[in-house]
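To be precise, the following lines are coords-v4.txt, and they hold compact mmCIF, C-alpha atoms.
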# COMPACT_ATOMS: atom_id res chain seq x y z
CA MET E 11 -104.41 -15.78 -15.16
CA ARG E 12 -104.55 -19.54 -14.43
CA LYS E 13 -101.41 -20.00 -16.49
CA ILE E 14 -99.58 -17.32 -14.51
CA PHE E 15 -100.79 -18.79 -11.20
CA GLY E 16 -99.68 -22.25 -12.31
CA LEU E 17 -96.24 -20.99 -13.25
CA THR E 18 -95.94 -19.13 -9.95
CA LEU E 19 -96.94 -22.24 -7.98
CA LEU E 20 -94.52 -24.38 -9.98
CA SER E 21 -91.71 -21.88 -9.34
CA THR E 22 -92.47 -21.83 -5.62
CA LEU E 23 -92.48 -25.62 -5.40
CA SER E 24 -89.25 -25.78 -7.40
CA LEU E 25 -87.57 -23.29 -5.06
CA ALA E 26 -88.77 -25.22 -2.00
CA PHE E 27 -87.51 -28.48 -3.49
CA SER E 28 -84.16 -26.90 -4.40
CA HIS E 29 -83.83 -25.50 -0.87
CA THR E 30 -84.53 -28.95 0.62
CA ILE E 31 -81.97 -30.59 -1.66
CA SER E 32 -79.34 -27.92 -0.94
CA ALA E 33 -79.96 -28.25 2.82
CA GLN E 34 -79.48 -32.01 2.61
CA VAL E 35 -76.33 -31.62 0.51
CA ALA E 36 -74.94 -29.05 2.96
CA CYS E 37 -75.74 -31.32 5.91
CA LEU E 38 -74.04 -34.29 4.24
CA HIS E 39 -70.96 -32.14 3.65
CA GLU E 40 -70.94 -30.99 7.29
CA PHE E 41 -71.35 -34.59 8.48
CA ARG E 42 -68.40 -35.74 6.34
CA GLU E 43 -66.30 -32.92 7.77
CA LEU E 44 -67.36 -33.77 11.32
CA THR E 45 -66.51 -37.47 10.98
CA ARG E 46 -63.14 -36.62 9.40
CA LEU E 47 -62.19 -34.19 12.18
CA VAL E 48 -63.23 -36.64 14.90
CA GLU E 49 -61.34 -39.55 13.33
CA GLU E 50 -58.16 -37.52 12.83
CA ASN E 51 -58.06 -35.63 16.12
CA TYR E 52 -60.26 -37.20 18.82
CA ALA E 53 -58.33 -38.96 21.57
CA GLY E 54 -61.24 -41.32 22.26
CA TYR E 55 -62.00 -42.38 18.69
CA ALA E 56 -60.37 -45.82 18.98
CA ASP E 57 -62.05 -46.49 22.34
CA VAL E 58 -65.34 -47.30 20.61
CA ALA E 59 -65.59 -50.38 18.38
CA ARG E 60 -64.94 -49.42 14.76
CA GLN E 61 -67.98 -51.32 13.47
CA ASP E 62 -70.25 -49.45 15.90
CA VAL E 63 -68.90 -46.09 14.74
CA GLU E 64 -69.29 -47.00 11.06
CA LEU E 65 -72.82 -48.35 11.60
CA ALA E 66 -73.82 -45.11 13.34
CA GLN E 67 -72.26 -43.12 10.47
CA GLU E 68 -74.19 -45.09 7.84
CA ARG E 69 -77.51 -44.70 9.65
CA THR E 70 -76.94 -40.97 10.11
CA ARG E 71 -75.99 -40.58 6.44
CA GLU E 72 -79.16 -42.39 5.34
CA ARG E 73 -81.39 -40.24 7.53
CA ILE E 74 -79.85 -37.07 6.10
CA GLN E 75 -80.20 -38.31 2.50
CA TYR E 76 -83.78 -39.54 2.69
CA ASN E 77 -85.46 -37.19 5.16
CA PRO E 78 -86.39 -33.87 3.50
CA ALA E 79 -87.21 -32.31 6.88
CA ILE E 80 -83.90 -33.27 8.45
CA ASP E 81 -82.66 -31.37 11.52
CA CYS E 82 -78.96 -31.32 10.69
CA PHE E 83 -77.77 -30.12 14.09
CA ALA E 84 -79.74 -32.83 15.86
CA GLU E 85 -78.29 -35.52 13.59
CA LEU E 86 -74.71 -34.35 14.03
CA SER E 87 -75.16 -34.12 17.81
CA ASN E 88 -76.78 -37.54 17.92
CA TRP E 89 -73.87 -39.17 16.09
CA LEU E 90 -71.41 -37.84 18.69
CA THR E 91 -73.35 -39.53 21.50
CA ILE E 92 -71.93 -42.91 20.46
CA PHE E 93 -68.67 -41.84 22.16
CA ALA E 94 -70.44 -40.94 25.46
CA ASP E 95 -67.86 -38.21 26.14
CA PRO E 96 -69.16 -35.07 27.90
CA HIS E 97 -66.24 -33.07 26.43
CA LEU E 98 -67.03 -33.99 22.81
CA GLU E 99 -69.77 -31.69 21.59
CA ILE E 100 -71.04 -29.57 18.72
CA LEU E 101 -72.63 -26.14 19.02
CA PRO E 102 -74.18 -23.80 16.45
CA ILE E 103 -71.73 -20.94 15.97
CA GLU E 104 -74.14 -18.36 17.40
CA SER E 105 -74.82 -20.57 20.43
CA ALA E 106 -71.08 -21.21 20.84
CA GLU E 107 -70.36 -17.48 20.89
CA HIS E 108 -73.20 -16.91 23.36
CA HIS E 109 -71.95 -19.83 25.48
CA ARG E 110 -68.42 -18.40 25.45
CA GLY E 111 -69.61 -14.90 26.41
CA LYS E 112 -71.77 -16.28 29.21
CA LYS E 113 -68.88 -18.45 30.41
CA ILE E 114 -66.51 -15.45 30.52
CA ALA E 115 -69.08 -13.41 32.45
CA MET E 116 -69.68 -16.26 34.91
CA THR E 117 -65.92 -16.77 35.30
CA GLU E 118 -65.43 -13.12 36.22
CA ILE E 119 -68.15 -13.39 38.87
CA GLN E 120 -67.07 -16.74 40.26
CA ALA E 121 -63.33 -16.02 40.25
CA ALA E 122 -63.99 -12.98 42.44
CA GLN E 123 -65.80 -15.24 44.89
CA ALA E 124 -62.73 -17.26 45.93
CA SER E 125 -62.90 -16.65 49.67
CA ILE E 126 -61.74 -17.69 53.10
CA ASP E 127 -63.70 -17.62 56.36
CA TRP E 128 -62.16 -18.44 59.71
CA LEU E 129 -64.08 -20.79 61.95
CA PRO E 130 -63.26 -21.37 65.65
CA SER E 131 -60.08 -23.26 66.61
CA ASP E 132 -57.98 -22.14 63.64
CA VAL E 133 -60.12 -23.89 61.03
CA ALA E 134 -60.24 -22.21 57.62
CA HIS E 135 -63.22 -22.58 55.30
CA VAL E 136 -61.87 -21.96 51.80
CA ARG E 137 -64.27 -21.56 48.88
CA LEU E 138 -62.76 -22.34 45.45
CA PRO E 139 -65.53 -22.07 42.83
CA MET E 140 -63.37 -22.07 39.70
CA PHE E 141 -60.18 -23.61 38.30
CA ASP E 142 -59.89 -22.13 34.82
CA ASP E 143 -57.28 -20.14 32.91
CA SER E 144 -58.79 -16.75 33.73
CA ALA E 145 -59.02 -17.61 37.45
CA GLN E 146 -55.35 -18.58 37.62
CA GLN E 147 -54.06 -15.08 38.39
CA ASN E 148 -56.90 -14.40 40.81
CA LEU E 149 -56.11 -17.56 42.76
CA SER E 150 -52.42 -16.73 42.82
CA GLU E 151 -53.13 -13.29 44.27
CA PHE E 152 -55.68 -14.76 46.69
CA ILE E 153 -53.11 -17.25 48.05
CA HIS E 154 -50.43 -14.57 48.35
CA ARG E 155 -52.85 -12.28 50.20
CA ASN E 156 -53.84 -14.95 52.74
CA ARG E 157 -50.63 -16.96 53.05
CA GLN E 158 -49.63 -15.62 56.47
CA GLN E 159 -53.06 -16.40 57.97
CA LEU E 160 -53.17 -19.81 56.29
CA HIS E 161 -49.91 -20.79 57.96
CA ALA E 162 -51.77 -20.78 61.28
CA ALA E 163 -54.49 -23.15 60.07
CA GLU E 164 -54.68 -26.51 61.84
CA GLY E 165 -57.83 -27.63 60.08
CA MET E 166 -59.28 -26.72 56.70
CA ILE E 167 -62.55 -27.18 54.84
CA ILE E 168 -61.94 -26.81 51.10
CA ASP E 169 -65.20 -26.25 49.26
CA VAL E 170 -65.02 -26.96 45.52
CA ARG E 171 -68.75 -27.53 44.99
CA GLY E 172 -69.83 -26.20 41.60
CA ASN E 173 -66.23 -26.06 40.37
CA ARG E 174 -66.16 -27.35 36.78
CA GLY E 175 -62.41 -27.22 36.49
CA GLU E 176 -60.53 -26.71 33.20
CA SER E 177 -57.09 -25.45 34.19
CA PHE E 178 -54.67 -27.90 35.81
CA ILE E 179 -52.25 -25.02 36.41
CA ALA E 180 -54.82 -23.12 38.48
CA MET E 181 -55.75 -26.29 40.37
CA ARG E 182 -52.14 -27.11 41.21
CA GLN E 183 -51.65 -23.74 42.95
CA TRP E 184 -53.90 -24.82 45.79
CA LEU E 185 -52.72 -28.40 45.74
CA ALA E 186 -49.22 -27.15 46.57
CA LEU E 187 -50.51 -25.81 49.90
CA ILE E 188 -51.99 -29.09 51.15
CA GLY E 189 -49.62 -31.57 49.47
CA SER E 190 -50.22 -34.93 47.80
CA GLU E 191 -48.63 -38.35 48.14
CA GLU E 192 -47.81 -40.78 45.31
CA TYR E 193 -50.08 -38.89 42.93
CA LEU E 194 -49.53 -39.18 39.16
CA SER E 195 -51.35 -37.41 36.34
CA ARG E 196 -50.40 -39.18 33.11
CA TRP E 197 -51.98 -38.50 29.72
CA HIS E 198 -51.87 -39.76 26.13
CA VAL E 199 -52.06 -37.15 23.37
CA LEU E 200 -52.95 -37.87 19.75
CA ALA E 201 -50.17 -36.13 17.80
CA SER E 202 -52.24 -34.77 14.91
CA PRO E 203 -51.15 -31.48 13.26
CA ALA E 204 -54.16 -29.63 14.70
CA ASN E 205 -53.52 -30.96 18.20
CA LYS E 206 -49.86 -29.98 17.95
CA THR E 207 -50.91 -26.40 17.16
CA HIS E 208 -53.11 -26.40 20.26
CA TYR E 209 -50.26 -27.52 22.56
CA GLN E 210 -47.93 -24.98 20.98
CA GLN E 211 -50.43 -22.32 22.03
CA ARG E 212 -50.51 -23.84 25.49
CA LEU E 213 -46.73 -23.58 25.74
CA GLU E 214 -46.82 -19.93 24.69
CA GLN E 215 -49.28 -19.19 27.51
CA VAL E 216 -46.99 -20.65 30.20
CA ASP E 217 -44.67 -18.34 32.12
CA SER E 218 -41.34 -20.14 31.86
CA VAL E 219 -39.97 -18.24 34.87
CA GLN E 220 -42.90 -18.92 37.20
CA LEU E 221 -43.60 -22.45 35.91
CA PRO E 222 -40.32 -23.90 34.58
CA LYS E 223 -41.40 -27.55 35.06
CA VAL E 224 -44.68 -27.06 33.20
CA ASN E 225 -42.84 -25.22 30.45
CA ALA E 226 -40.38 -28.12 30.16
CA MET E 227 -43.31 -30.61 30.10
CA TYR E 228 -44.97 -28.91 27.13
CA THR E 229 -41.65 -28.41 25.34
CA LYS E 230 -40.83 -32.12 25.61
CA LEU E 231 -44.35 -33.07 24.50
CA LEU E 232 -44.14 -30.87 21.39
CA ASN E 233 -40.72 -32.27 20.48
CA GLN E 234 -42.14 -35.79 20.65
CA MET E 235 -45.20 -34.78 18.61
CA ASP E 236 -42.80 -33.48 15.95
CA ALA E 237 -40.76 -36.67 16.02
CA TYR E 238 -43.72 -39.07 15.99
CA PRO E 239 -46.65 -37.44 14.15
CA ASN E 240 -50.12 -39.02 14.22
CA THR E 241 -49.19 -41.42 17.03
CA TRP E 242 -49.89 -41.52 20.77
CA ILE E 243 -47.50 -39.43 22.87
CA GLU E 244 -47.42 -39.88 26.64
CA TYR E 245 -46.72 -37.06 29.04
CA LEU E 246 -46.74 -36.71 32.82
CA TRP E 247 -47.51 -33.61 34.84
CA PRO E 248 -44.57 -32.73 37.11
CA THR E 249 -44.82 -33.38 40.83
CA VAL E 250 -46.27 -30.57 42.90
CA ASN E 251 -43.78 -28.42 44.82
CA SER E 252 -43.80 -29.62 48.44
CA ASP E 253 -41.93 -26.57 49.75
CA LEU E 254 -45.17 -24.59 50.04
CA ILE E 255 -47.16 -27.04 52.20
CA LEU E 256 -48.86 -25.33 55.15
CA PRO E 257 -46.85 -26.49 58.19
CA ASN E 258 -49.59 -26.76 60.84
CA LEU E 259 -52.34 -28.26 58.71
CA HIS E 260 -53.22 -31.81 59.75
CA THR E 261 -56.97 -32.26 59.12
CA ILE E 262 -58.68 -31.39 55.82
CA TYR E 263 -62.23 -31.91 54.62
CA LEU E 264 -62.90 -31.51 50.91
CA LEU E 265 -66.53 -30.75 49.92
CA ILE E 266 -67.78 -31.93 46.51
CA ASP E 267 -71.05 -32.22 44.56
CA ASP E 268 -72.35 -33.40 41.19
CA GLU E 269 -71.12 -30.28 39.36
CA VAL E 270 -67.45 -30.86 40.18
CA ALA E 271 -65.73 -31.81 36.92
CA ASN E 272 -62.50 -31.97 34.94
CA ALA E 273 -59.57 -30.23 36.70
CA ALA E 274 -61.64 -30.02 39.89
CA GLU E 275 -62.01 -33.83 39.78
CA GLU E 276 -58.26 -34.07 39.24
CA PHE E 277 -57.88 -31.94 42.36
CA VAL E 278 -60.06 -34.41 44.30
CA ILE E 279 -57.90 -37.34 43.15
CA ALA E 280 -54.67 -35.55 44.02
CA ALA E 281 -55.91 -34.22 47.37
CA ARG E 282 -57.27 -37.55 48.60
CA SER E 283 -53.82 -39.11 48.07
CA ASN E 284 -52.96 -37.07 51.16
CA SER E 285 -53.84 -39.15 54.24
CA HIS E 286 -55.04 -36.01 56.06
CA VAL E 287 -57.83 -35.40 53.51
CA THR E 288 -61.42 -36.68 53.79
CA VAL E 289 -63.75 -36.11 50.83
CA MET E 290 -67.36 -35.34 51.79
CA GLY E 291 -70.53 -34.75 49.76
CA THR E 292 -71.99 -36.50 46.72
CA HIS E 293 -70.57 -38.04 43.52
CA THR E 294 -68.83 -35.67 41.14
CA LYS E 295 -70.02 -35.14 37.55
CA GLY E 296 -67.58 -37.51 35.82
CA ALA E 297 -65.77 -35.59 33.09
CA LEU E 298 -62.07 -36.43 33.27
CA ASP E 299 -61.38 -39.40 30.98
CA TYR E 300 -60.61 -37.02 28.09
CA GLY E 301 -59.52 -33.39 27.98
CA GLU E 302 -57.90 -30.42 26.28
CA ALA E 303 -60.71 -29.99 23.74
CA VAL E 304 -59.73 -28.19 20.53
CA THR E 305 -62.38 -26.10 18.74
CA TYR E 306 -62.98 -26.60 14.99
CA PRO E 307 -65.41 -24.68 12.76
CA ILE E 308 -67.42 -26.65 10.20
CA GLY E 309 -69.94 -25.51 7.59
CA VAL E 310 -70.41 -21.98 6.25
CA GLU E 311 -72.53 -19.06 7.45
CA ASP E 312 -74.85 -20.83 9.92
CA GLY E 313 -72.22 -23.42 10.72
CA TYR E 314 -71.00 -25.12 13.89
CA HIS E 315 -68.15 -25.28 16.35
CA VAL E 316 -66.99 -28.76 17.30
CA LEU E 317 -65.07 -29.33 20.55
CA ILE E 318 -62.80 -32.37 20.17
CA PRO E 319 -60.68 -33.65 23.11
CA SER E 320 -57.04 -34.14 22.15
CA GLN E 321 -55.91 -36.28 25.10
CA LYS E 322 -57.06 -39.08 27.38
CA ARG E 323 -56.09 -39.86 30.94
CA VAL E 324 -54.08 -42.94 31.85
CA TRP E 325 -55.91 -44.44 34.83
CA TYR E 326 -54.18 -46.31 37.65
CA GLN E 327 -57.15 -46.20 40.01
CA TYR E 328 -60.61 -44.60 40.17
CA GLY E 329 -61.20 -44.48 36.41
CA PRO E 330 -62.61 -44.40 33.91
CA ILE E 331 -65.06 -41.96 35.54
CA ASP E 332 -66.89 -40.19 32.71
CA ASN E 333 -70.62 -39.94 33.40
CA SER E 334 -70.25 -41.79 36.72
CA GLY E 335 -67.97 -39.49 38.74
CA LEU E 336 -65.85 -39.90 41.85
CA ALA E 337 -67.42 -41.15 45.06
CA PRO E 338 -66.81 -39.24 48.30
CA ASP E 339 -65.28 -40.89 51.36
CA VAL E 340 -68.31 -39.75 53.36
CA PHE E 341 -71.59 -39.51 51.48
CA VAL E 342 -73.67 -36.57 52.72
CA ARG E 343 -76.56 -35.04 50.78
CA MET E 344 -76.61 -31.50 52.18
CA GLU E 345 -76.44 -28.13 50.47
CA GLY E 346 -75.00 -24.70 51.17
CA LYS E 347 -73.88 -23.84 54.69
CA ALA E 348 -75.47 -26.97 56.14
CA LEU E 349 -72.72 -29.14 54.65
CA VAL E 350 -70.03 -26.72 55.84
CA SER E 351 -71.42 -26.89 59.39
CA HIS E 352 -71.59 -30.67 59.27
CA ALA E 353 -68.01 -30.89 57.99
CA TYR E 354 -66.81 -28.51 60.70
CA LEU E 355 -68.39 -30.53 63.50
CA THR E 356 -66.97 -33.76 62.08
CA LEU E 357 -63.55 -32.17 61.66
CA LYS E 358 -63.56 -30.86 65.23
CA ARG E 359 -64.37 -34.33 66.58
CA SER E 360 -61.50 -35.81 64.58
CA MET E 361 -59.10 -33.19 66.00
CA MET E 362 -59.97 -33.96 69.60
CA PRO E 363 -57.28 -35.84 71.57

If you convert what's in this file into C-alpha cells, what do you get?
Amino acid sequence: MRKIFGLTLLSTLSLAFSHTISAQVACLHEFRELTRLVEENYAGYADVARQDVELAQERTRERIQYNPAIDCFAELSNWLTIFADPHLEILPIESAEHHRGKKIAMTEIQAAQASIDWLPSDVAHVRLPMFDDSAQQNLSEFIHRNRQQLHAAEGMIIDVRGNRGESFIAMRQWLALIGSEEYLSRWHVLASPANKTHYQQRLEQVDSVQLPKVNAMYTKLLNQMDAYPNTWIEYLWPTVNSDLILPNLHTIYLLIDDEVANAAEEFVIAARSNSHVTVMGTHTKGALDYGEAVTYPIGVEDGYHVLIPSQKRVWYQYGPIDNSGLAPDVFVRMEGKALVSHAYLTLKRSMMP
C-alpha cells in the first residue's frame, strides 16, 4: 500500500512539475511572439531607447524562466508599459471578445443618443457621445435630419464629453459644419506587411463616391507602402469641405472632459483652430500620439489578442499628448447639465453687443 501511495504521490508531483515547466515554456513562446510583433509593426517602437526595451525584455524573460508561479498575462502586460501608450495593450482572448461585445452594445446605445436641444436665442446644444465606425451612418442621418434647423443657429454648444473617438471619418462629418482654419492632420505609418493589410481593409470600407478624397488618400498611402516596404510612409488627411459650414454660426462652445480621447481629441484640435470656438471643461484623456491599432492573436487555446498601433501623429503644436491630454481654454470642473448651463450663460454674454 505504501509503495502504491508513494508511486501515486510521485506521479502527482511529476505531473505538477511538468505542468509548471510547460506553462513557463508556453509563456516564453508567447513573450517571444509578442516582442516580435511589437518590433515589426508598432509605430512607437523606436520612440523608446533600444537599451531600455532590451533591458525590460531580459528582465521579463528571467522572471518567466525562474518563477514557477509566473502570471504570464501580468508579465506580458507589464512589458508593454515601457512604451506608455494607452493604445498598445494585450487582452486574454475571452476578455477581448467580451470587451468587443460590450463595446458594440455600448456603441449602439450611445450612437442613438446623438441629440440636439434648442436653447433660447437660436443656440443649439448638440450632444455627440461617439465618433466610431458604427456611429458614422447614424451621425450622417442625424445631420441630414437637422440640417435645416441648424442653419438658423447663431450659437452652438457642442458636447463631446465621454466621447472616446476612433473614427476620423465620423468626426469630420461634424467638423464640416463648423469649419476649421489652418488645421493639418499628418501621420507616419510603419509600412509592414500586416499594417498594409489593415489599410487595405480601411480602403475597402470607404465609399469612393461619398468620400472621394479619403479614398484617394488611402489609395496613395497603399501605393507608397508597396513601393517602400518596412519604412515610414507619411500621409495627410484631406482638408475638410468648407461648403457645408453653417452660415449664421458665429459663437461655439465645445465641452470636454477626461474621457475624451483619440478622434474626439482630434476634433478638439481641429475645432479650436476656428477662432469662433472656445473649449470648456477639463483636460482630455490623452490618447492621440499613436493610432489605428491592428489586432494580432498570440498563443493557442487560452491565448491573447494584442492591439498594436500602426501609425503615429506628426505634431506641430499641442503634442505629444498621451497620458496628459489637451487643456481647455476655460477650465471648469462641472458635470452634466450644470456645465451646459454655465456654457450657455457665458456664450450669451459673449454674443451681446

Skipping near chain neighbours, those fewer than 5 positions away, what residues fall within 8 Å of region 188-200 of chain E using only C-alpha atoms, listed as JSON, numbers by chain?
{"E": [51, 52, 53, 205, 240, 241, 242, 243, 244, 245, 246, 247, 249, 250, 252, 255, 256, 259, 279, 280, 281, 282, 283, 284, 320, 321, 322, 323, 324, 325]}

Go through E:His97, E:His208, E:His161, E:Arg343 and flag the residue nearest Gly296 (chain E), using only C-alpha atoms for the distances.
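The closest residue to Gly296 (chain E) is E:His97.
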
Residue contacts of Cys37 (chain E) (10 Å, only C-alpha atoms) excluding same-chain residues fewer than 6 positions away, as a PyMOL selection string:
chain E and resi 31+43+71+74-75+80-83+85-86+309+313

Ile92 (chain E): which residues within 9 Å, counting all atoms listed in the file, same-chain residues fewer than 3 positions away excluded, as a PyMOL selection string?
chain E and resi 58+62-63+66+88-89+95

3 Å per side around region 251-257 of chain E: axis-aligned box centre and edge lengths, as lines of an AutoDock Vina configuration file:
center_x = -45.4
center_y = -27.1
center_z = 51.5
size_x = 12.9
size_y = 11.0
size_z = 19.4

Please determine, counting all atoms listed in the file, which residue among E:Glu104, E:Glu40, E:Asp132, E:Glu68 has the shortest atom-to-atom distance to Met361 (chain E).
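Going through E:Glu104, E:Glu40, E:Asp132, E:Glu68 one by one, the smallest distance to Met361 (chain E) is for E:Asp132.
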
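Here CA of Ile179 (chain E) stands at a distance of 26.2 Å from CA of Tyr238 (chain E).
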
Go ahead and compute the interatomic distance for CA of Ser150 (chain E) and CA of Asp299 (chain E), in Å to one decimal.
27.1 Å

Tell me, in Å to one decimal, how far CA of Val170 (chain E) is from CA of Gln123 (chain E).
11.8 Å

Please determine, counting all atoms listed in the file, which residue among E:Glu345, E:Asp57, E:Glu151, E:Glu164 has the shortest atom-to-atom distance to Trp184 (chain E).
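Between E:Glu345, E:Asp57, E:Glu151, E:Glu164, the residue approaching Trp184 (chain E) most closely is E:Glu151.
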
Local residues around (-64.7, -25.8, 53.8), at most 8 Å away, using only C-alpha atoms, as a compact mmCIF listing (two decimals) with C-alpha atoms, in the coordinates of the input:
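Writing the result to out31.txt gives the following:
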# COMPACT_ATOMS: atom_id res chain seq x y z
CA ALA E 134 -60.24 -22.21 57.62
CA HIS E 135 -63.22 -22.58 55.30
CA VAL E 136 -61.87 -21.96 51.80
CA ARG E 137 -64.27 -21.56 48.88
CA MET E 166 -59.28 -26.72 56.70
CA ILE E 167 -62.55 -27.18 54.84
CA ILE E 168 -61.94 -26.81 51.10
CA ASP E 169 -65.20 -26.25 49.26
CA TYR E 263 -62.23 -31.91 54.62
CA LEU E 264 -62.90 -31.51 50.91
CA LEU E 265 -66.53 -30.75 49.92
CA VAL E 350 -70.03 -26.72 55.84
CA ALA E 353 -68.01 -30.89 57.99
CA TYR E 354 -66.81 -28.51 60.70

Using only C-alpha atoms: which of E:Gln159, E:Gln234, E:Thr70, E:Ser360 has the shortest distance to Thr261 (chain E)
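Looking at the shortest contact to Thr261 (chain E), the residue is E:Ser360.
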
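Taking all atoms listed in the file into account, Arg359 (chain E) lies nearest to E:Gly165 out of the set E:Pro203, E:Tyr228, E:Gly165, E:Arg212.
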
Find the spatial neighbours of Arg182 (chain E), counting all atoms listed in the file, within a cut-off of 9 Å - ignore same-chain residues fewer than 5 positions away - and output them as a PyMOL selection string.
chain E and resi 177+187+250+277

Taking C-alpha atoms for each residue, export the selection above as a tab-separated table (two decimals), in the coordinates of the input.
chain	number	residue	atom	x	y	z
E	177	SER	CA	-57.09	-25.45	34.19
E	187	LEU	CA	-50.51	-25.81	49.90
E	250	VAL	CA	-46.27	-30.57	42.90
E	277	PHE	CA	-57.88	-31.94	42.36

Looking at only C-alpha atoms, which of E:Ala297, E:Leu90, E:Ala226, E:Leu254 is the one that sits closest to Thr45 (chain E)?
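Among the listed residues, E:Leu90 lies closest to Thr45 (chain E).
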